[in-house]
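Listing of model-v1.cif, mmCIF, C-alpha atoms and all ligand atoms
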data_model
#
loop_
_atom_site.label_atom_id
_atom_site.label_comp_id
_atom_site.auth_asym_id
_atom_site.auth_seq_id
_atom_site.Cartn_x
_atom_site.Cartn_y
_atom_site.Cartn_z
CA MET A 1 35.23 -15.75 44.35
CA ALA A 2 33.93 -17.30 41.08
CA PHE A 3 36.13 -17.09 38.00
CA SER A 4 33.78 -14.65 36.22
CA GLU A 5 33.53 -12.35 39.26
CA LYS A 6 37.32 -12.16 39.56
CA LEU A 7 37.70 -11.55 35.83
CA GLU A 8 35.02 -8.86 35.72
CA ALA A 9 36.46 -7.13 38.79
CA TRP A 10 39.81 -6.95 37.00
CA TYR A 11 38.01 -5.59 33.91
CA THR A 12 36.34 -2.83 35.94
CA ASP A 13 39.79 -1.62 36.97
CA PHE A 14 41.85 -2.26 33.85
CA GLY A 15 39.53 -2.89 30.86
CA ARG A 16 39.92 -0.88 27.67
CA THR A 17 37.50 1.77 26.48
CA LEU A 18 36.82 1.15 22.80
CA PRO A 19 34.31 2.87 20.51
CA TRP A 20 32.54 -0.42 19.67
CA ARG A 21 32.19 -1.46 23.32
CA GLY A 22 28.95 -0.77 25.17
CA ILE A 23 26.93 -0.51 21.96
CA ASP A 24 24.42 -3.10 20.75
CA ASP A 25 24.31 -2.33 17.03
CA PRO A 26 25.20 -5.72 15.47
CA TYR A 27 26.34 -4.06 12.24
CA ARG A 28 28.95 -1.89 13.96
CA ILE A 29 30.07 -4.76 16.20
CA TRP A 30 30.42 -7.02 13.15
CA LEU A 31 32.51 -4.35 11.38
CA SER A 32 34.82 -4.09 14.39
CA GLU A 33 35.29 -7.84 14.63
CA ILE A 34 36.12 -8.28 10.95
CA ILE A 35 38.51 -5.31 10.96
CA LEU A 36 40.26 -6.55 14.10
CA GLN A 37 41.02 -10.00 12.69
CA GLN A 38 44.79 -9.88 11.99
CA THR A 39 44.91 -6.15 12.88
CA ARG A 40 46.17 -4.29 15.96
CA ILE A 41 43.53 -2.37 17.91
CA GLU A 42 45.21 1.03 17.39
CA GLN A 43 45.22 0.61 13.61
CA GLY A 44 41.78 -1.05 13.57
CA ARG A 45 40.18 1.81 15.48
CA ASP A 46 40.94 4.32 12.68
CA TYR A 47 39.60 2.00 10.01
CA TRP A 48 36.45 1.28 12.03
CA LEU A 49 35.75 5.00 12.42
CA ARG A 50 36.29 5.55 8.71
CA PHE A 51 33.98 2.68 7.77
CA VAL A 52 31.23 3.78 10.13
CA GLU A 53 31.41 7.28 8.72
CA ALA A 54 31.42 6.17 5.06
CA PHE A 55 28.89 3.35 5.52
CA PRO A 56 26.80 4.07 8.64
CA THR A 57 24.33 1.24 7.94
CA VAL A 58 24.31 -2.23 6.38
CA ASP A 59 22.31 -0.75 3.54
CA ALA A 60 24.99 1.88 2.84
CA LEU A 61 27.68 -0.82 2.76
CA ALA A 62 25.57 -3.10 0.54
CA THR A 63 24.94 -0.40 -2.04
CA ALA A 64 28.57 0.81 -2.21
CA SER A 65 30.71 -0.46 -5.09
CA GLU A 66 33.34 -3.12 -4.37
CA GLU A 67 35.98 -0.61 -5.46
CA GLN A 68 34.82 1.90 -2.81
CA VAL A 69 34.97 -0.78 -0.11
CA LEU A 70 38.41 -2.02 -1.17
CA ARG A 71 39.75 1.52 -1.38
CA LEU A 72 38.64 2.23 2.19
CA TRP A 73 40.15 -1.07 3.31
CA GLN A 74 43.47 -0.31 1.62
CA GLY A 75 46.43 -0.90 3.93
CA LEU A 76 44.72 -3.45 6.17
CA GLY A 77 45.65 -6.48 4.05
CA TYR A 78 43.71 -9.76 3.84
CA TYR A 79 41.35 -8.17 1.33
CA SER A 80 39.02 -11.17 1.28
CA ARG A 81 37.71 -9.77 4.60
CA ALA A 82 36.52 -6.61 2.83
CA ARG A 83 34.99 -8.53 -0.07
CA ASN A 84 33.20 -10.86 2.37
CA LEU A 85 31.86 -7.88 4.36
CA HIS A 86 30.46 -6.41 1.19
CA THR A 87 28.90 -9.71 0.03
CA ALA A 88 27.42 -10.34 3.49
CA ALA A 89 25.90 -6.83 3.62
CA GLN A 90 24.19 -7.52 0.28
CA TYR A 91 22.99 -10.89 1.62
CA ILE A 92 21.45 -9.17 4.68
CA MET A 93 19.67 -6.63 2.47
CA ASN A 94 18.49 -9.12 -0.15
CA GLU A 95 17.89 -12.34 1.80
CA CYS A 96 17.11 -11.15 5.34
CA ASN A 97 14.87 -8.16 4.52
CA GLY A 98 17.60 -5.82 5.72
CA ARG A 99 17.53 -7.26 9.27
CA PHE A 100 20.79 -8.39 10.83
CA PRO A 101 20.47 -12.05 11.98
CA THR A 102 19.76 -12.23 15.70
CA ASP A 103 20.92 -15.73 16.62
CA TYR A 104 24.25 -17.54 16.47
CA ASP A 105 23.36 -19.86 13.56
CA GLY A 106 21.96 -16.99 11.51
CA ILE A 107 25.09 -14.91 12.13
CA ARG A 108 27.26 -17.87 11.05
CA GLN A 109 25.54 -17.79 7.66
CA LEU A 110 27.23 -14.47 6.85
CA LYS A 111 30.18 -14.85 4.53
CA GLY A 112 33.49 -14.55 6.36
CA VAL A 113 31.97 -15.12 9.82
CA GLY A 114 33.50 -18.06 11.66
CA ARG A 115 32.91 -19.42 15.15
CA TYR A 116 34.88 -16.68 16.89
CA THR A 117 33.22 -13.76 15.09
CA ALA A 118 29.73 -15.24 15.46
CA ALA A 119 30.30 -15.66 19.21
CA ALA A 120 31.52 -12.07 19.50
CA ILE A 121 28.51 -10.60 17.66
CA ALA A 122 26.02 -12.90 19.44
CA SER A 123 27.36 -11.99 22.88
CA PHE A 124 28.09 -8.27 22.37
CA ALA A 125 24.96 -7.38 20.35
CA PHE A 126 22.40 -9.89 21.68
CA ARG A 127 23.89 -10.98 25.05
CA LEU A 128 23.87 -14.65 24.08
CA PRO A 129 26.24 -16.87 26.11
CA TYR A 130 28.85 -17.82 23.49
CA PRO A 131 32.46 -17.44 24.69
CA VAL A 132 34.96 -15.74 22.36
CA ILE A 133 38.29 -17.43 21.78
CA ASP A 134 40.98 -15.36 20.07
CA GLY A 135 44.75 -15.78 20.33
CA ASN A 136 44.91 -13.90 23.64
CA VAL A 137 42.13 -15.99 25.18
CA TYR A 138 43.86 -19.20 24.06
CA ARG A 139 47.03 -18.05 25.84
CA PHE A 140 45.27 -17.19 29.08
CA ILE A 141 43.14 -20.34 29.31
CA ALA A 142 45.95 -22.67 28.16
CA ARG A 143 48.12 -21.35 30.99
CA LEU A 144 45.38 -21.21 33.60
CA ARG A 145 44.36 -24.82 32.98
CA GLY A 146 47.76 -26.17 31.80
CA ILE A 147 46.42 -27.24 28.38
CA SER A 148 49.03 -28.34 25.83
CA THR A 149 46.71 -29.02 22.85
CA PRO A 150 48.14 -27.07 19.86
CA ILE A 151 45.92 -24.00 19.45
CA GLY A 152 44.25 -22.59 16.37
CA THR A 153 42.65 -25.84 15.19
CA ASP A 154 38.95 -26.79 15.24
CA THR A 155 39.69 -29.42 17.89
CA ALA A 156 41.39 -26.90 20.15
CA TYR A 157 38.57 -24.39 19.64
CA SER A 158 36.00 -26.96 20.76
CA GLU A 159 38.09 -27.98 23.79
CA PHE A 160 38.54 -24.37 24.96
CA GLU A 161 34.92 -23.53 24.16
CA ASN A 162 33.72 -26.39 26.38
CA ILE A 163 35.85 -25.10 29.26
CA LEU A 164 34.65 -21.52 28.81
CA GLN A 165 31.02 -22.62 28.60
CA THR A 166 31.40 -23.75 32.22
CA LEU A 167 32.91 -20.38 33.24
CA ILE A 168 30.94 -17.79 31.25
CA ASP A 169 28.74 -15.29 33.09
CA ARG A 170 25.32 -16.08 31.61
CA ARG A 171 23.79 -12.87 32.94
CA ARG A 172 26.43 -10.66 31.30
CA PRO A 173 28.19 -12.61 28.53
CA ASP A 174 29.08 -9.33 26.80
CA ILE A 175 31.03 -8.05 29.81
CA PHE A 176 32.55 -11.48 30.45
CA ASN A 177 33.82 -11.77 26.86
CA ALA A 178 35.21 -8.22 26.77
CA ALA A 179 36.98 -8.93 30.07
CA LEU A 180 38.33 -12.25 28.82
CA MET A 181 39.80 -10.67 25.68
CA ASP A 182 41.33 -7.74 27.55
CA PHE A 183 42.76 -9.99 30.24
CA GLY A 184 44.52 -12.17 27.67
CA SER A 185 45.77 -9.12 25.81
CA LEU A 186 46.81 -6.85 28.71
CA GLN A 187 47.59 -9.09 31.70
CA CYS A 188 48.36 -12.62 30.49
CA ARG A 189 50.73 -11.26 27.85
CA PRO A 190 53.35 -13.36 26.09
CA VAL A 191 55.75 -12.39 28.92
CA PRO A 192 53.38 -11.63 31.81
CA ASP A 193 53.92 -10.10 35.23
CA CYS A 194 52.33 -12.94 37.22
CA ARG A 195 52.80 -11.16 40.55
CA GLN A 196 50.01 -8.75 39.54
CA CYS A 197 47.64 -11.48 38.35
CA PRO A 198 44.44 -12.21 40.29
CA PHE A 199 44.64 -15.86 39.15
CA ASN A 200 48.23 -16.49 40.25
CA THR A 201 47.23 -18.84 43.07
CA GLU A 202 45.30 -21.13 40.72
CA CYS A 203 47.33 -20.86 37.50
CA ASN A 204 48.57 -24.27 36.38
CA ALA A 205 51.35 -22.90 34.16
CA LEU A 206 52.75 -20.74 36.96
CA ARG A 207 52.67 -23.63 39.43
CA THR A 208 54.38 -26.03 37.00
CA ASP A 209 56.82 -23.44 35.62
CA ARG A 210 55.40 -23.62 32.09
CA VAL A 211 54.33 -20.01 31.53
CA SER A 212 56.81 -19.58 28.67
CA LEU A 213 55.85 -22.97 27.17
CA LEU A 214 52.10 -22.39 26.87
CA PRO A 215 50.15 -22.12 24.70
CA VAL A 216 51.53 -24.71 22.27
CA LYS A 217 51.28 -23.43 18.70
CA ALA A 218 50.69 -25.66 15.66
CA PRO A 219 53.71 -25.48 13.31
CA LYS A 220 53.25 -22.92 10.53
CA ALA A 221 53.78 -23.78 6.87
CA LYS A 222 56.87 -22.06 5.44
CA PRO A 223 55.83 -19.16 3.16
CA THR A 224 56.41 -19.73 -0.56
CA ASP A 225 58.52 -17.28 -2.59
CA ARG A 226 57.09 -15.41 -5.58
CA TRP A 227 58.94 -13.08 -7.94
CA PHE A 228 56.99 -10.11 -9.30
CA TYR A 229 58.29 -7.65 -11.92
CA TYR A 230 55.96 -4.67 -12.19
CA PHE A 231 55.93 -2.32 -15.16
CA ASP A 232 55.25 1.32 -14.33
CA LEU A 233 54.62 2.49 -17.89
CA ARG A 234 54.14 6.23 -18.45
CA TRP A 235 53.26 8.37 -21.41
CA GLN A 236 52.30 11.97 -22.10
CA HIS A 237 49.01 13.01 -23.64
CA GLY A 238 48.98 16.77 -24.03
CA GLU A 239 50.14 18.22 -20.72
CA THR A 240 49.08 15.18 -18.71
CA GLU A 241 51.12 12.13 -17.74
CA TYR A 242 49.31 8.80 -17.73
CA LEU A 243 50.15 5.40 -16.35
CA MET A 244 48.66 1.97 -16.73
CA LEU A 245 47.01 -0.14 -14.03
CA HIS A 246 45.66 -3.64 -14.27
CA CYS A 247 42.81 -5.05 -12.17
CA ARG A 248 43.91 -8.30 -10.54
CA SER A 249 41.41 -11.05 -11.25
CA ALA A 250 43.47 -14.09 -10.20
CA ASN A 251 41.90 -15.76 -7.18
CA ASP A 252 45.10 -16.04 -5.14
CA ILE A 253 45.87 -12.59 -3.72
CA TRP A 254 44.59 -9.02 -4.08
CA ARG A 255 41.60 -9.87 -6.29
CA GLY A 256 39.80 -6.67 -7.34
CA LEU A 257 42.80 -4.43 -6.52
CA TYR A 258 44.82 -2.59 -9.14
CA GLU A 259 48.49 -3.11 -9.82
CA PHE A 260 50.92 -2.34 -12.62
CA PRO A 261 51.12 -4.78 -15.52
CA LEU A 262 52.93 -7.75 -14.03
CA LEU A 263 55.46 -10.29 -15.19
CA GLU A 264 55.67 -13.11 -12.65
CA THR A 265 58.50 -15.61 -12.91
CA ASP A 266 59.29 -18.85 -11.08
CA HIS A 267 62.78 -17.65 -10.04
CA ARG A 268 64.70 -14.43 -9.41
CA LEU A 269 65.78 -12.97 -12.76
CA THR A 270 69.38 -11.90 -13.29
CA ASP A 271 69.87 -8.29 -14.46
CA ASP A 272 70.48 -9.53 -18.02
CA GLU A 273 67.36 -11.70 -17.99
CA LEU A 274 65.34 -8.82 -16.59
CA HIS A 275 66.58 -6.44 -19.28
CA THR A 276 65.67 -8.84 -22.12
CA ASN A 277 62.33 -9.76 -20.56
CA SER A 278 61.47 -6.11 -19.90
CA ILE A 279 61.87 -5.05 -23.51
CA ARG A 280 59.80 -8.03 -24.68
CA PHE A 281 57.10 -7.43 -22.06
CA ILE A 282 56.75 -3.72 -22.87
CA GLN A 283 56.55 -4.49 -26.59
CA ASP A 284 53.87 -7.13 -25.99
CA THR A 285 51.88 -4.82 -23.70
CA CYS A 286 52.09 -1.53 -25.61
CA ALA A 287 53.23 -2.45 -29.12
CA CYS A 288 56.15 -0.02 -28.89
CA LEU A 289 59.69 0.26 -27.55
CA PRO A 290 60.24 2.42 -24.44
CA LEU A 291 62.29 5.60 -24.66
CA ASN A 292 64.15 4.52 -21.52
CA HIS A 293 63.71 2.25 -18.51
CA THR A 294 65.08 2.00 -15.00
CA VAL A 295 64.72 -0.78 -12.43
CA THR A 296 64.39 -0.52 -8.64
CA ILE A 297 66.13 -2.73 -6.14
CA GLU A 298 64.14 -5.71 -4.85
CA HIS A 299 61.34 -4.96 -2.37
CA HIS A 300 60.19 -7.70 -0.01
CA HIS A 301 56.55 -7.91 0.95
CA GLN A 302 55.44 -10.49 3.48
CA LEU A 303 51.97 -12.03 3.31
CA SER A 304 50.72 -14.79 5.58
CA HIS A 305 51.67 -17.64 3.24
CA ARG A 306 53.85 -15.95 0.67
CA THR A 307 56.91 -13.78 0.40
CA ILE A 308 56.72 -11.43 -2.59
CA HIS A 309 60.05 -10.31 -4.07
CA ALA A 310 59.18 -7.35 -6.27
CA ARG A 311 61.13 -5.07 -8.60
CA PHE A 312 59.60 -2.14 -10.45
CA VAL A 313 60.54 -1.30 -14.02
CA ARG A 314 59.80 2.37 -14.73
CA ALA A 315 59.58 3.15 -18.45
CA ASP A 316 58.54 6.14 -20.57
CA LEU A 317 56.67 5.35 -23.77
CA PRO A 318 57.09 7.45 -26.93
CA GLN A 319 53.31 7.69 -27.48
CA PRO A 320 50.06 6.54 -25.88
CA PRO A 321 49.45 2.80 -26.40
CA ALA A 322 47.20 2.09 -29.39
CA SER A 323 44.98 -0.05 -27.15
CA LEU A 324 44.96 -1.23 -23.55
CA PRO A 325 45.15 -4.90 -22.56
CA GLU A 326 42.05 -6.51 -20.99
CA ASN A 327 41.12 -5.35 -17.44
CA THR A 328 43.57 -2.45 -17.76
CA LEU A 329 42.95 1.27 -17.39
CA ALA A 330 44.92 4.45 -18.00
CA THR A 331 44.96 6.89 -15.10
CA THR A 332 46.80 9.92 -13.78
CA ILE A 333 48.74 10.15 -10.52
CA GLU A 334 46.01 12.47 -9.21
CA ASP A 335 43.20 9.99 -9.92
CA ILE A 336 45.10 7.03 -8.53
CA LYS A 337 44.03 8.14 -5.04
CA LYS A 338 40.53 6.84 -5.79
CA ILE A 339 41.69 3.40 -6.92
CA PRO A 340 42.21 0.45 -4.52
CA LEU A 341 45.85 -0.68 -4.57
CA PRO A 342 47.84 -3.34 -2.72
CA ARG A 343 50.09 -1.80 -0.09
CA LEU A 344 53.18 -2.85 -2.07
CA ILE A 345 52.11 -0.68 -5.03
CA ASP A 346 50.96 2.17 -2.81
CA ARG A 347 54.34 2.26 -1.01
CA TYR A 348 56.24 2.32 -4.30
CA LEU A 349 54.12 5.24 -5.54
CA GLN A 350 54.59 7.13 -2.29
CA GLN A 351 58.36 6.67 -2.48
CA LEU A 352 58.46 8.24 -5.94
S1 LIG B 401 49.54 -16.20 36.66
FE1 LIG B 401 50.66 -15.43 34.90
S2 LIG B 401 50.48 -17.01 33.35
FE2 LIG B 401 48.95 -17.44 34.91
S3 LIG B 401 47.07 -16.49 34.15
FE3 LIG B 401 48.11 -15.00 35.46
S4 LIG B 401 49.38 -13.78 34.09
FE4 LIG B 401 48.79 -15.63 32.97
#
Here is the file; what I need is its structure written in the form of structure tokens.
Amino acid sequence: MAFSEKLEAWYTDFGRTLPWRGIDDPYRIWLSEIILQQTRIEQGRDYWLRFVEAFPTVDALATASEEQVLRLWQGLGYYSRARNLHTAAQYIMNECNGRFPTDYDGIRQLKGVGRYTAAAIASFAFRLPYPVIDGNVYRFIARLRGISTPIGTDTAYSEFENILQTLIDRRRPDIFNAALMDFGSLQCRPVPDCRQCPFNTECNALRTDRVSLLPVKAPKAKPTDRWFYYFDLRWQHGETEYLMLHCRSANDIWRGLYEFPLLETDHRLTDDELHTNSIRFIQDTCACLPLNHTVTIEHHHQLSHRTIHARFVRADLPQPPASLPENTLATTIEDIKKIPLPRLIDRYLQQL
């Protein structure tokens, strides 16, 4: 039996049912692929449903504000994906007459769409024979063929793509790709049960006892440490309590999201240093001394290349600030629900 026949037979029995499978709307397929990068399917499914409901068409996404898009994305991380989605939707409306590109090269022009995502959209929406290669597919094919090239690089992608081009079902590339992804995810798992595998008589890794050694992963750079001291500054105006949020414009992380006024340092402050710095920071920000202030323990927040060590300084101000610093707004706890926040800030607020 040919590779694709065996794979598709397995898929008929064990493949997943997902809301973006079996449809040919490139917009909805694109949404699913961007959401699922770096996200588990269970979590991604909820976000996909929310996005489709809020923005049922490319046009609806293009005309939304960036804040609306980021707010809906909140909790998924890697916010550049949301910003790229939004920019690409505007590009489709403005540069492509509102028509989603229908070939691989056109799809690659969309911001945030790499080789993998373009192959997924091209095959699922337009049945073009481009194989998809995600982490699960790398694992399966590396083991099946005994390939020890470190995965995740452009060179590895091309090597695996060449192999899969010889295996893909050209009549049904959409089914083939869905089957390939599910097989890598559900059967050829990190610790697989090879007795149940339909490829166990031809699997190179099983024959050479290298299942646990493949695929070979390129070494990851060690995350860098950053120390964030956030100032949750509150004041009363009439019956209402206000707090201050600052829109992050730096191009490193969380651009366009709101956080508390931030003091970032190049080392972990001692309690004495933090006390002195806090008073100075609050004075500089609000031109007044706080009535009181308390400090949380350190929270650790892991991003792909950085570890954030954050402490929150909660302070009550004697009066509203005379003016707000640039890119800063005053809001209430009620209204904060409409504002896009990094998960670190959202968790802190929920704990309060
Ligand atoms: S035999 Fe085991 S390692 Fe080889 S493809 Fe099947 S599940 Fe993966």
Taking only residues of chain A that have an atom at most 9 Å from an atom of ligand LIG 401 (chain B), what is each one's shortest atom pair and its distance in Å to one decimal, using all atoms listed in the file, in chain and number order, as a tab-separated table?
residue	atom	partner	partner_atom	distance
A:Arg139	CA	B:LIG401	FE4	7.7
A:Phe140	CA	B:LIG401	S3	5.4
A:Ile141	CA	B:LIG401	S3	7.3
A:Ala142	CA	B:LIG401	S3	8.7
A:Arg143	CA	B:LIG401	S2	5.5
A:Leu144	CA	B:LIG401	S3	5.0
A:Arg145	CA	B:LIG401	S3	8.8
A:Phe183	CA	B:LIG401	S4	8.5
A:Gly184	CA	B:LIG401	FE4	7.6
A:Gln187	CA	B:LIG401	S4	5.6
A:Cys188	CA	B:LIG401	S4	3.9
A:Arg189	CA	B:LIG401	S4	6.9
A:Pro190	CA	B:LIG401	FE4	8.6
A:Val191	CA	B:LIG401	S2	8.3
A:Pro192	CA	B:LIG401	S4	5.1
A:Asp193	CA	B:LIG401	S4	6.0
A:Cys194	CA	B:LIG401	FE1	3.8
A:Arg195	CA	B:LIG401	S1	7.2
A:Gln196	CA	B:LIG401	S4	7.4
A:Cys197	CA	B:LIG401	FE3	4.6
A:Pro198	CA	B:LIG401	FE3	6.7
A:Phe199	CA	B:LIG401	FE3	5.1
A:Asn200	CA	B:LIG401	S1	3.8
A:Thr201	CA	B:LIG401	S1	7.3
A:Glu202	CA	B:LIG401	S1	7.7
A:Cys203	CA	B:LIG401	FE2	4.6
A:Asn204	CA	B:LIG401	FE2	7.0
A:Ala205	CA	B:LIG401	S2	6.0
A:Leu206	CA	B:LIG401	FE2	5.4
A:Arg207	CA	B:LIG401	FE2	8.5
A:Arg210	CA	B:LIG401	S2	8.3
A:Val211	CA	B:LIG401	S2	5.2
A:Ser212	CA	B:LIG401	S2	8.3
A:Leu214	CA	B:LIG401	S2	8.6
Just give me the residues with any atom within 7 Å of (28.9, -8.3, 19.2), file coordinates, counting all atoms listed in the file, written as a CSV table (one decimal) with C-alpha atoms, keeping the file's coordinate frame.
chain,number,residue,atom,x,y,z
A,26,PRO,CA,25.2,-5.7,15.5
A,29,ILE,CA,30.1,-4.8,16.2
A,30,TRP,CA,30.4,-7.0,13.2
A,120,ALA,CA,31.5,-12.1,19.5
A,121,ILE,CA,28.5,-10.6,17.7
A,122,ALA,CA,26.0,-12.9,19.4
A,123,SER,CA,27.4,-12.0,22.9
A,124,PHE,CA,28.1,-8.3,22.4
A,125,ALA,CA,25.0,-7.4,20.4
Using all atoms listed in the file, which protein or nucleic acid residues come within 10 Å of A:Val113? Drop anything in the same chain fewer than 4 positions from it, and give the result as a CSV table (one decimal) with C-alpha atoms, in the frame of the given file.
chain,number,residue,atom,x,y,z
A,30,TRP,CA,30.4,-7.0,13.2
A,33,GLU,CA,35.3,-7.8,14.6
A,34,ILE,CA,36.1,-8.3,11.0
A,81,ARG,CA,37.7,-9.8,4.6
A,84,ASN,CA,33.2,-10.9,2.4
A,85,LEU,CA,31.9,-7.9,4.4
A,88,ALA,CA,27.4,-10.3,3.5
A,107,ILE,CA,25.1,-14.9,12.1
A,108,ARG,CA,27.3,-17.9,11.0
A,109,GLN,CA,25.5,-17.8,7.7
A,117,THR,CA,33.2,-13.8,15.1
A,118,ALA,CA,29.7,-15.2,15.5
A,119,ALA,CA,30.3,-15.7,19.2
A,121,ILE,CA,28.5,-10.6,17.7
If you measure from atom CA of A:Tyr242 to atom CA of A:Ala330, what distance in Å do you get, rounded to one decimal? 6.2 Å
Among listed residues A:Arg21, A:Asn327, A:Tyr91, A:Tyr104, nearest A:Ala250 (using all atoms listed in the file):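 Comparing A:Arg21, A:Asn327, A:Tyr91, A:Tyr104 against A:Ala250, the winner is A:Asn327.
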Find the spatial neighbours of A:Arg255, counting only C-alpha atoms, within a cut-off of 12 Å - ignore same-chain residues fewer than 3 positions away - and output them as a PyMOL selection string. chain A and resi 66-67+70+77-83+246-252+258-259+340-342
Residue neighbourhood A:Arg314, 9 Å, only C-alpha atoms, exclusion window fewer than 4 positions, as a PyMOL selection string: chain A and resi 230-234+292-296
